[in-house]
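K.L.:
What follows is a single structure, and I will ask about it in a moment.
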Amino acid sequence: MLDSSLLIAVAVAFGAGIMRGFAGFGTPLFLAPLFAVLWGPTVMVPLVIVLEVVLSTILVPMSWRDAKPAD
């Protein structure tokens, strides 16, 4: 279960998280090429989409709370 491709993926995801923290975007740009090399495009595309949706969904409550009503 714990092989070298999973360890590489974890390291890449960590780097993508740091990039997202500083820039606020770009996670798929960082993850997609490296995940495609590790697992191929048929696995990479759904995986990156699911990760991006989950990460974006986590931000919704805070954004909803901080949104100002239109006057």
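Scheme for the structure tokens: letters A, B, ... for chains in order shown; per-chain residue numbers from 1; ligand numbers from 1 in order shown.
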Chain A: which residues are helix (DSSP H, G or I) by DSSP, as a PyMOL selection string?
P.N.:
chain A and resi 4-23+27-39+41-66
K.L.:
Do you have the CA of Ser5 in chain A-CA of Val53 in chain A distance handy?
P.N.:
23.0 Å
K.L.:
Would you list the contacts of range 29-32 of chain A as a ChimeraX atom specification, taking every protein, DNA or RNA residue within 12 Å and counting only C-alpha atoms, but skipping same-chain residues closer than 3 positions in sequence?
P.N.:
/A:8-20,25-26,35-49,51-52
K.L.:
Write a file of the selected residues as a compact mmCIF listing (two decimals), in the first residue's frame, keeping N, CA and C atoms.
P.N.:
```txt
# COMPACT_ATOMS: atom_id res chain seq x y z
N ILE A 8 5.79 10.06 -3.26
CA ILE A 8 6.04 11.18 -4.17
C ILE A 8 4.79 12.04 -4.28
N ALA A 9 3.62 11.40 -4.39
CA ALA A 9 2.36 12.13 -4.50
C ALA A 9 2.09 12.97 -3.25
N VAL A 10 2.40 12.43 -2.10
CA VAL A 10 2.21 13.18 -0.85
C VAL A 10 3.13 14.40 -0.81
N ALA A 11 4.37 14.21 -1.23
CA ALA A 11 5.31 15.34 -1.26
C ALA A 11 4.87 16.41 -2.26
N VAL A 12 4.37 15.98 -3.42
CA VAL A 12 3.89 16.92 -4.44
C VAL A 12 2.65 17.65 -3.92
N ALA A 13 1.74 16.93 -3.28
CA ALA A 13 0.53 17.56 -2.73
C ALA A 13 0.89 18.56 -1.64
N PHE A 14 1.90 18.26 -0.85
CA PHE A 14 2.35 19.20 0.17
C PHE A 14 2.88 20.47 -0.48
N GLY A 15 3.69 20.32 -1.52
CA GLY A 15 4.19 21.48 -2.25
C GLY A 15 3.07 22.28 -2.89
N ALA A 16 2.08 21.60 -3.43
CA ALA A 16 0.93 22.28 -4.03
C ALA A 16 0.13 23.02 -2.97
N GLY A 17 0.03 22.46 -1.78
CA GLY A 17 -0.67 23.13 -0.68
C GLY A 17 0.04 24.39 -0.24
N ILE A 18 1.35 24.34 -0.21
CA ILE A 18 2.12 25.53 0.13
C ILE A 18 1.92 26.60 -0.93
N MET A 19 1.94 26.18 -2.21
CA MET A 19 1.74 27.14 -3.29
C MET A 19 0.34 27.75 -3.21
N ARG A 20 -0.67 26.92 -2.91
CA ARG A 20 -2.04 27.43 -2.79
C ARG A 20 -2.15 28.40 -1.61
N PHE A 25 -4.17 29.95 -5.56
CA PHE A 25 -4.60 29.15 -6.71
C PHE A 25 -3.40 28.36 -7.21
N GLY A 26 -3.59 27.58 -8.24
CA GLY A 26 -2.48 26.90 -8.90
C GLY A 26 -2.26 25.47 -8.49
N PHE A 35 1.15 14.07 -11.29
CA PHE A 35 0.24 12.94 -11.11
C PHE A 35 0.05 12.18 -12.41
N ALA A 36 0.06 12.87 -13.54
CA ALA A 36 -0.06 12.20 -14.84
C ALA A 36 1.13 11.29 -15.10
N VAL A 37 2.31 11.72 -14.68
CA VAL A 37 3.49 10.87 -14.83
C VAL A 37 3.40 9.66 -13.91
N LEU A 38 2.90 9.86 -12.70
CA LEU A 38 2.82 8.76 -11.74
C LEU A 38 1.74 7.74 -12.11
N TRP A 39 0.53 8.21 -12.45
CA TRP A 39 -0.60 7.30 -12.61
C TRP A 39 -1.29 7.37 -13.96
N GLY A 40 -0.89 8.28 -14.82
CA GLY A 40 -1.52 8.41 -16.12
C GLY A 40 -2.68 9.40 -16.08
N PRO A 41 -3.08 9.89 -17.26
CA PRO A 41 -4.12 10.92 -17.31
C PRO A 41 -5.51 10.43 -16.92
N THR A 42 -5.80 9.15 -17.10
CA THR A 42 -7.14 8.65 -16.75
C THR A 42 -7.38 8.66 -15.25
N VAL A 43 -6.36 8.57 -14.46
CA VAL A 43 -6.49 8.66 -13.00
C VAL A 43 -6.30 10.10 -12.55
N MET A 44 -5.39 10.82 -13.20
CA MET A 44 -5.04 12.17 -12.78
C MET A 44 -6.20 13.14 -12.89
N VAL A 45 -6.93 13.11 -14.00
CA VAL A 45 -7.99 14.10 -14.22
C VAL A 45 -9.07 14.02 -13.14
N PRO A 46 -9.70 12.86 -12.88
CA PRO A 46 -10.71 12.82 -11.81
C PRO A 46 -10.13 13.13 -10.43
N LEU A 47 -8.91 12.67 -10.18
CA LEU A 47 -8.30 12.91 -8.87
C LEU A 47 -8.08 14.39 -8.62
N VAL A 48 -7.56 15.11 -9.59
CA VAL A 48 -7.31 16.55 -9.43
C VAL A 48 -8.64 17.30 -9.31
N ILE A 49 -9.65 16.90 -10.08
CA ILE A 49 -10.96 17.56 -9.98
C ILE A 49 -11.57 17.36 -8.61
N LEU A 51 -10.01 16.65 -5.77
CA LEU A 51 -9.23 17.41 -4.78
C LEU A 51 -9.57 18.90 -4.82
N GLU A 52 -9.70 19.45 -6.01
CA GLU A 52 -9.99 20.88 -6.13
C GLU A 52 -11.39 21.21 -5.61
```
K.L.:
Separation of CA of Gly21 in chain A and CA of Leu34 in chain A, in Å?
P.N.:
19.3 Å
